[in-house]
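Shown here: input.txt, compact mmCIF, C-alpha atoms.
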```
# COMPACT_ATOMS: atom_id res chain seq x y z
CA MET A 1 38.06 46.05 116.78
CA TYR A 2 36.95 47.55 120.09
CA ASN A 3 38.85 50.81 120.48
CA PRO A 4 37.44 53.41 122.87
CA PHE A 5 40.54 55.58 122.30
CA SER A 6 39.99 56.24 118.62
CA LEU A 7 40.71 59.74 117.39
CA ASN A 8 39.59 58.93 113.86
CA SER A 9 38.71 62.13 111.94
CA LYS A 10 38.83 64.29 115.07
CA LYS A 11 40.21 67.74 114.29
CA ILE A 12 42.81 68.53 116.94
CA LEU A 13 45.01 71.60 117.37
CA VAL A 14 48.41 71.13 119.05
CA THR A 15 50.31 74.27 120.11
CA GLY A 16 54.06 74.18 120.69
CA ALA A 17 54.22 71.37 118.13
CA SER A 18 57.69 72.18 116.83
CA SER A 19 59.63 70.58 119.67
CA GLY A 20 59.64 68.45 122.78
CA ILE A 21 56.42 67.12 124.25
CA GLY A 22 54.22 69.03 121.78
CA LYS A 23 56.05 67.50 118.83
CA GLY A 24 55.68 63.99 120.28
CA ILE A 25 51.97 64.51 120.94
CA ALA A 26 51.35 65.77 117.37
CA ILE A 27 53.09 62.73 115.91
CA ASP A 28 51.37 60.18 118.17
CA ILE A 29 47.84 61.50 117.77
CA SER A 30 48.32 61.57 113.99
CA LYS A 31 49.04 57.82 114.26
CA MET A 32 45.64 57.50 115.99
CA GLU A 33 44.10 58.94 112.81
CA ALA A 34 43.33 62.42 114.09
CA ASN A 35 43.49 65.34 111.66
CA VAL A 36 46.11 67.39 113.42
CA TYR A 37 46.62 71.15 113.16
CA ILE A 38 50.18 71.76 114.31
CA LEU A 39 50.99 75.24 115.53
CA ALA A 40 54.23 77.04 116.35
CA ARG A 41 56.28 80.07 115.36
CA ASN A 42 59.10 78.24 113.58
CA GLU A 43 58.12 76.98 110.12
CA GLU A 44 61.26 74.92 109.58
CA ARG A 45 60.90 72.91 112.77
CA LEU A 46 57.14 72.53 112.22
CA LYS A 47 57.89 70.95 108.85
CA GLU A 48 60.15 68.49 110.62
CA THR A 49 57.26 67.54 112.93
CA TYR A 50 54.91 67.34 109.93
CA SER A 51 57.27 64.97 108.10
CA LEU A 52 57.11 62.53 111.02
CA MET A 53 53.31 62.50 111.18
CA GLN A 54 50.91 60.01 109.58
CA GLY A 55 47.85 60.77 107.47
CA ASP A 56 47.34 63.30 104.73
CA GLU A 57 44.93 65.68 106.44
CA ASN A 58 47.36 67.29 108.85
CA ILE A 59 47.81 71.07 108.58
CA ILE A 60 50.71 73.34 109.44
CA CYS A 61 49.74 76.63 111.17
CA ILE A 62 52.48 79.20 111.68
CA ALA A 63 51.63 81.83 114.27
CA ASP A 64 52.93 83.55 117.36
CA LEU A 65 50.11 83.23 119.87
CA CYS A 66 51.54 86.19 121.82
CA ASN A 67 50.88 88.41 118.79
CA THR A 68 47.22 89.52 118.78
CA GLU A 69 47.05 89.93 115.00
CA ASN A 70 48.56 86.45 114.45
CA LEU A 71 46.11 85.02 116.95
CA ASN A 72 43.02 86.60 115.38
CA ASN A 73 44.08 85.50 111.90
CA LEU A 74 44.64 81.99 113.16
CA ILE A 75 41.14 81.77 114.64
CA ASP A 76 39.64 82.75 111.28
CA THR A 77 41.51 79.99 109.45
CA LEU A 78 40.80 77.18 111.92
CA PRO A 79 37.87 74.79 111.47
CA VAL A 80 35.58 73.77 114.34
CA LEU A 81 37.89 71.71 116.56
CA ASP A 82 37.20 68.49 118.47
CA GLY A 83 40.22 68.94 120.67
CA ILE A 84 43.17 71.12 121.53
CA VAL A 85 46.42 70.33 123.31
CA LEU A 86 48.23 73.35 124.73
CA CYS A 87 51.94 72.57 124.89
CA ALA A 88 53.58 75.89 124.04
CA GLY A 89 55.74 76.85 126.98
CA ILE A 90 59.07 78.25 128.10
CA ILE A 91 61.18 78.06 131.24
CA LYS A 92 62.93 80.99 132.92
CA THR A 93 65.20 80.00 135.77
CA MET A 94 66.03 82.90 138.06
CA PRO A 95 65.81 83.52 141.79
CA VAL A 96 63.03 85.93 142.80
CA LYS A 97 65.44 88.79 143.46
CA ASN A 98 66.89 88.48 139.93
CA ILE A 99 63.54 88.40 138.11
CA THR A 100 63.27 91.04 135.39
CA ASP A 101 60.06 92.65 134.18
CA GLU A 102 60.81 91.35 130.68
CA ALA A 103 61.08 87.78 131.97
CA ILE A 104 57.74 88.03 133.79
CA GLU A 105 56.05 89.35 130.69
CA GLU A 106 57.57 86.77 128.34
CA ILE A 107 56.87 83.68 130.43
CA PHE A 108 53.35 84.66 131.52
CA ASN A 109 52.44 85.64 127.95
CA THR A 110 53.69 82.36 126.54
CA ASN A 111 52.66 79.92 129.26
CA ILE A 112 49.23 81.20 130.31
CA ILE A 113 48.00 84.49 128.82
CA SER A 114 48.21 83.38 125.18
CA ASN A 115 46.39 80.15 126.08
CA ILE A 116 43.58 82.08 127.75
CA LYS A 117 43.28 84.41 124.75
CA LEU A 118 43.24 81.47 122.35
CA LEU A 119 40.51 79.61 124.25
CA ASN A 120 38.50 82.81 124.70
CA ARG A 121 38.46 83.42 120.97
CA LEU A 122 37.78 79.79 120.07
CA LEU A 123 34.71 79.82 122.31
CA LYS A 124 33.55 83.24 121.13
CA LYS A 125 33.81 82.20 117.47
CA LYS A 126 32.21 78.82 118.23
CA LYS A 127 35.28 76.94 117.01
CA LEU A 128 35.12 74.25 119.71
CA ALA A 129 32.71 71.43 118.89
CA HIS A 130 30.09 70.03 121.28
CA GLY A 131 32.01 67.57 123.45
CA ALA A 132 35.42 69.00 122.56
CA SER A 133 38.38 68.18 124.80
CA VAL A 134 40.96 70.72 125.97
CA VAL A 135 44.24 69.39 127.36
CA PHE A 136 46.79 71.62 129.06
CA ILE A 137 50.37 70.47 129.53
CA SER A 138 51.11 71.72 133.03
CA SER A 139 53.98 70.52 135.23
CA VAL A 140 54.72 68.80 138.54
CA SER A 141 56.45 72.08 139.41
CA THR A 142 53.02 73.42 140.40
CA PHE A 143 53.52 71.62 143.72
CA ASN A 144 57.07 70.19 143.56
CA VAL A 145 58.96 73.45 143.65
CA LYS A 146 62.65 74.20 143.04
CA VAL A 147 64.73 77.28 143.78
CA GLY A 148 64.92 79.61 140.81
CA ASN A 149 61.75 78.26 139.27
CA SER A 150 59.11 80.55 140.77
CA LEU A 151 58.05 82.07 137.45
CA TYR A 152 57.54 78.73 135.72
CA SER A 153 55.74 77.21 138.73
CA SER A 154 53.40 80.18 139.02
CA THR A 155 52.46 80.11 135.33
CA LYS A 156 51.67 76.40 135.55
CA GLY A 157 49.73 76.90 138.78
CA ALA A 158 47.66 79.46 136.90
CA VAL A 159 47.13 76.91 134.12
CA ASN A 160 45.73 74.35 136.59
CA SER A 161 43.34 76.83 138.20
CA PHE A 162 42.20 78.23 134.87
CA ALA A 163 41.53 74.73 133.53
CA LYS A 164 39.28 73.84 136.48
CA ALA A 165 37.26 77.05 136.25
CA MET A 166 36.85 76.67 132.49
CA ALA A 167 35.85 73.02 132.91
CA LEU A 168 32.92 74.14 135.03
CA GLU A 169 31.82 76.75 132.50
CA VAL A 170 31.88 74.60 129.38
CA SER A 171 30.32 71.45 130.85
CA LYS A 172 26.90 72.37 129.44
CA GLN A 173 28.30 71.81 125.95
CA LYS A 174 29.84 68.53 127.22
CA MET A 175 33.27 70.03 126.66
CA ARG A 176 36.04 68.86 128.95
CA VAL A 177 39.17 70.58 130.20
CA ASN A 178 42.02 68.67 131.87
CA CYS A 179 45.68 69.07 132.74
CA ILE A 180 48.65 66.75 132.57
CA GLN A 181 51.56 67.43 134.93
CA PRO A 182 54.63 65.70 133.49
CA GLY A 183 57.74 64.94 135.49
CA PHE A 184 61.12 65.07 133.80
CA VAL A 185 60.88 64.58 130.03
CA PRO A 186 64.22 65.56 128.49
CA SER A 187 63.62 68.13 125.74
CA SER A 188 64.96 71.36 124.34
CA ILE A 189 62.84 73.48 126.69
CA LEU A 190 65.34 72.55 129.38
CA ASN A 191 68.42 73.79 127.53
CA LYS A 192 67.95 77.32 128.75
CA SER A 193 67.14 76.32 132.30
CA GLY A 194 70.67 75.20 133.15
CA ILE A 195 69.24 71.73 133.64
CA GLU A 196 71.23 70.01 130.89
CA GLU A 197 74.20 69.78 133.23
CA ASP A 198 75.27 66.20 133.86
CA SER A 199 75.20 66.54 137.63
CA ILE A 200 71.65 67.86 137.57
CA LEU A 201 70.53 65.16 135.15
CA LYS A 202 72.02 62.58 137.51
CA TRP A 203 70.15 64.17 140.45
CA TYR A 204 66.86 63.92 138.56
CA ALA A 205 67.62 60.40 137.29
CA GLU A 206 68.05 59.13 140.84
CA ARG A 207 64.67 60.56 141.79
CA HIS A 208 62.59 59.09 138.96
CA PRO A 209 61.79 55.49 140.03
CA LEU A 210 60.70 54.61 136.47
CA GLY A 211 63.42 56.69 134.81
CA PHE A 212 62.89 59.74 132.64
CA GLY A 213 59.77 60.05 130.54
CA THR A 214 59.46 60.35 126.78
CA PRO A 215 57.04 62.56 124.83
CA SER A 216 55.03 59.39 124.05
CA ASP A 217 54.44 58.78 127.76
CA ILE A 218 52.62 62.11 127.83
CA ALA A 219 51.05 61.69 124.37
CA ASN A 220 49.35 58.44 125.46
CA ALA A 221 47.55 60.32 128.23
CA CYS A 222 46.55 62.96 125.69
CA ILE A 223 45.09 60.27 123.44
CA TYR A 224 42.90 59.13 126.33
CA LEU A 225 41.86 62.67 127.23
CA LEU A 226 41.10 63.58 123.60
CA SER A 227 39.10 60.40 122.95
CA ASP A 228 35.50 59.67 123.88
CA ALA A 229 36.82 57.21 126.48
CA SER A 230 37.28 60.16 128.82
CA ARG A 231 33.85 61.72 128.27
CA TRP A 232 33.24 61.76 132.06
CA VAL A 233 36.65 63.24 132.92
CA THR A 234 36.89 66.97 133.41
CA GLY A 235 38.75 69.43 135.64
CA SER A 236 41.21 66.67 136.50
CA ILE A 237 44.93 67.13 136.94
CA PHE A 238 46.97 64.07 136.03
CA THR A 239 50.47 63.71 137.40
CA ILE A 240 52.50 61.55 135.01
CA ASP A 241 56.03 61.50 136.33
CA GLY A 242 57.46 57.99 136.58
CA GLY A 243 57.01 58.18 140.36
CA TYR A 244 59.13 61.33 140.75
CA THR A 245 56.82 63.06 143.23
CA LEU A 246 56.10 59.94 145.32
CA GLN A 247 58.81 60.95 147.79
CA MET B 248 82.80 95.96 132.23
CA THR B 249 85.74 96.30 134.58
CA LEU B 250 86.75 93.61 137.04
CA GLN B 251 85.90 95.95 139.91
CA ASN B 252 82.38 96.52 138.57
CA PHE B 253 81.96 92.78 138.17
CA ILE B 254 83.03 92.17 141.75
CA THR B 255 80.42 94.65 142.96
CA LEU B 256 77.69 92.94 140.94
CA PHE B 257 78.91 89.53 142.07
CA ALA B 258 78.79 90.63 145.72
CA GLU B 259 75.23 91.91 145.28
CA GLN B 260 74.07 88.33 144.75
CA PHE B 261 74.92 87.61 148.39
CA ASP B 262 72.87 88.83 151.34
CA ASP B 263 74.98 88.17 154.44
CA THR B 264 78.61 88.17 153.30
CA GLU B 265 80.70 91.26 154.13
CA MET B 266 81.63 93.31 151.07
CA ASP B 267 85.36 93.32 151.96
CA LEU B 268 85.48 89.54 151.56
CA PHE B 269 85.02 90.00 147.80
CA THR B 270 88.35 90.50 146.03
CA PRO B 271 89.67 89.26 142.67
CA GLN B 272 91.34 86.38 144.51
CA THR B 273 88.33 85.37 146.60
CA ASN B 274 87.68 81.66 146.27
CA PHE B 275 83.94 82.23 146.12
CA LYS B 276 82.80 78.63 146.48
CA GLN B 277 84.48 78.57 149.88
CA LEU B 278 82.27 81.39 151.16
CA ASP B 279 79.79 80.21 153.81
CA GLU B 280 76.88 81.74 151.94
CA TRP B 281 77.67 80.11 148.58
CA SER B 282 74.75 77.87 147.54
CA SER B 283 72.90 76.65 144.48
CA LEU B 284 70.53 79.61 144.89
CA VAL B 285 73.42 82.10 144.85
CA ALA B 286 74.84 80.26 141.82
CA LEU B 287 71.52 80.76 140.03
CA SER B 288 71.60 84.43 141.00
CA VAL B 289 75.07 84.77 139.50
CA ILE B 290 73.91 83.06 136.28
CA SER B 291 70.90 85.43 136.11
CA MET B 292 73.12 88.46 136.78
CA VAL B 293 75.53 87.45 133.99
CA ASP B 294 72.58 86.98 131.63
CA GLU B 295 71.21 90.40 132.52
CA GLU B 296 74.46 92.38 132.60
CA PHE B 297 76.52 90.64 129.88
CA ASP B 298 73.74 89.06 127.82
CA LYS B 299 75.69 85.78 128.05
CA GLN B 300 74.58 82.33 129.25
CA LEU B 301 76.95 81.13 131.94
CA THR B 302 76.82 77.34 132.35
CA GLY B 303 77.12 75.35 135.54
CA ALA B 304 80.30 73.77 134.18
CA GLU B 305 81.87 77.18 133.63
CA LEU B 306 80.94 78.17 137.15
CA ARG B 307 82.51 74.97 138.47
CA ASN B 308 85.71 75.57 136.49
CA ALA B 309 86.28 78.97 138.07
CA ASN B 310 87.78 79.16 141.54
CA THR B 311 88.32 82.87 142.07
CA ILE B 312 86.08 85.78 141.16
CA GLU B 313 88.71 87.00 138.70
CA GLU B 314 88.82 83.61 136.97
CA LEU B 315 85.05 83.73 136.59
CA TYR B 316 85.28 87.26 135.21
CA ARG B 317 87.85 86.11 132.61
CA ILE B 318 85.66 83.18 131.59
CA ILE B 319 82.68 85.48 131.07
CA GLU B 320 84.72 88.07 129.19
CA SER B 321 86.07 85.39 126.83
CA LYS B 322 82.61 84.02 125.96
```

Could you render the structure as structure tokens?
Amino acid sequence: MYNPFSLNSKKILVTGASSGIGKGIAIDISKMEANVYILARNEERLKETYSLMQGDENIICIADLCNTENLNNLIDTLPVLDGIVLCAGIIKTMPVKNITDEAIEEIFNTNIISNIKLLNRLLKKKKLAHGASVVFISSVSTFNVKVGNSLYSSTKGAVNSFAKAMALEVSKQKMRVNCIQPGFVPSSILNKSGIEEDSILKWYAERHPLGFGTPSDIANACIYLLSDASRWVTGSIFTIDGGYTLQ
Amino acid sequence: MTLQNFITLFAEQFDDTEMDLFTPQTNFKQLDEWSSLVALSVISMVDEEFDKQLTGAELRNANTIEELYRIIESK
């Protein structure tokens, strides 16, 4: 059967795989026959993700990417990867005048700095294969801003810019780096943002012409970006938001 | 934390409202400056000062500053 989107036998690392969009992506790409390395800090929730995946060559990796020792150990244990999806992320909702130094450090470390360190080490140790695909999960909040969300927006803006610059650097090895900017996909990341409130959910619901997204809506774009079908796609930023940012 | 200390911290989340308008009985959502941004500031302040997560529903259920203080204290 003609299938340009096959991920058969591709070794793909998914960070933030224990919940939300990352969990959905890990499950869906396993169904496309990838060998998936799922990464997160929480072993129990990672096992839950693992139990929902297909194939018998998936691997659980427990590490805190913000911990340098964890990160270096992880790099040593990973094989040469054909793809990586960077989903680990947190939200901190606070107006600029209430921002704490601890919040800045935590969100920047998790959402951008740990990703940069991970990619730096993967390249240095030659753990990204020729033609490998890197996919960042960014956010429409890079350009569709909300009060109280400056920290999150700025980390995701950094993600987009970093991805483009890296895309240029790694093109010689035919590697590709792209970003997906999801709109509203209900998940546990939002619990701490105050966004679970019914009135806010209703506000968002009215503004998503195609309704809220699911992790699979984002995973399907990842499948494309991880497959050879997208070999000519790099440095691109895909907004996938059910029409949220049309108006 | 005393109610008076809470009122001071609560008032600090506003920029243009006179300090003497903040009393235990102040119906804070009636203040001209009250907005979703100030609400977020109050939630952040409660997180920072009390290490408690104030929800939007709890904020809606309180009318006066003292009621809000009691809700936070009982969490």

Excluding segment 281-291 of chain B and its own-chain neighbours fewer than 3 positions away, which residues fall within 8 Å of it when counting all atoms listed in the file? Please give them as JSON, numbers by chain. {"A": [93, 94, 95, 97, 98, 147, 148], "B": [257, 260, 261, 275, 276, 277, 278, 294, 295, 300, 301, 302, 306]}

If you count only C-alpha atoms, the residue of B:Leu250, B:Met266, B:Met292, B:Leu256 closest to chain A turns out to be B:Met292

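Computed from the coordinates, the atom CA of Asn274 of chain B to atom CA of Lys202 of chain A distance equals 26.2 Å.
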
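Every protein, DNA or RNA residue with an atom at most 8 Å from segment 66-79 of chain A, where only C-alpha atoms count and chain neighbours fewer than 2 positions away do not, is listed here: Lys11, Cys61, Ala63, Asp64, Leu81, Asn109, Thr110, Ser114, Leu118, Arg121, Leu122, Lys125 and Lys127 of chain A.
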
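Going from atom CA of Arg45 of chain A over to atom CA of Thr214 of chain A, you cover 18.9 Å.
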
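You can rank A:Ile200, A:Asn144, A:Val80, A:Glu106 by their closest distance to chain B using only C-alpha atoms, and at the top of that list sits A:Ile200.
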
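With all atoms listed in the file as the basis for measurement, A:Ile99 is the residue among A:Val170, A:Val177, A:Ile99, A:Leu123 that approaches chain B most closely.
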
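Nearest residue to chain A among B:Thr264, B:Thr273, B:Asp298, B:Ala304 is B:Ala304, counting only C-alpha atoms.
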
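Closest approach to chain B from the set A:Cys87, A:Val96, A:Ile21, A:Ala34 is made by A:Val96, with distances taken over only C-alpha atoms.
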
What does the distance from atom CA of Ile91 of chain A to atom CA of Thr255 of chain B come to in Å, to one decimal? 28.0 Å

Using only C-alpha atoms - which residues lie no farther than 10 Å from the point (45.9, 60.5, 118.0) in the file's frame? Write them as number ranges by chain. A: 5-12, 25-36, 54, 219-220, 222-224, 226-227

Excluding Gln251 of chain B and residues on its chain fewer than 6 positions from it, collect all residues at most 12 Å away from it, counting all atoms listed in the file, and give them as a PyMOL selection string. chain B and resi 257-258+269-272+312-313+316

Asn160 of chain A environment, 9 Å, only C-alpha atoms, sequence neighbours closer than 6 positions dropped, as a ChimeraX atom specification: /A:136,138,142,178-179,235-237

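Using only C-alpha atoms, the shortest contact distance between chain B and any of A:Ala103, A:Val85, A:Ile180, A:Ala167 is found at A:Ala103.
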
Skipping near chain neighbours, those fewer than 6 positions away, what residues fall within 7 Å of Tyr37 of chain A using all atoms listed in the file, listed as a compact mmCIF listing (two decimals) with C-alpha atoms, in the coordinates of the input?
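To be explicit, this is the file written out as around.txt:
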```
# COMPACT_ATOMS: atom_id res chain seq x y z
CA ILE A 12 42.81 68.53 116.94
CA LEU A 13 45.01 71.60 117.37
CA VAL A 14 48.41 71.13 119.05
CA ASN A 58 47.36 67.29 108.85
CA ILE A 59 47.81 71.07 108.58
CA ILE A 60 50.71 73.34 109.44
CA CYS A 61 49.74 76.63 111.17
```

Per-axis box centre and lengths in Å around segment 311-322 of chain B, 8 Å margin per side, axis-aligned, as lines of an AutoDock Vina configuration file:
```
center_x = 85.7
center_y = 85.5
center_z = 134.0
size_x = 22.2
size_y = 21.2
size_z = 32.1
```
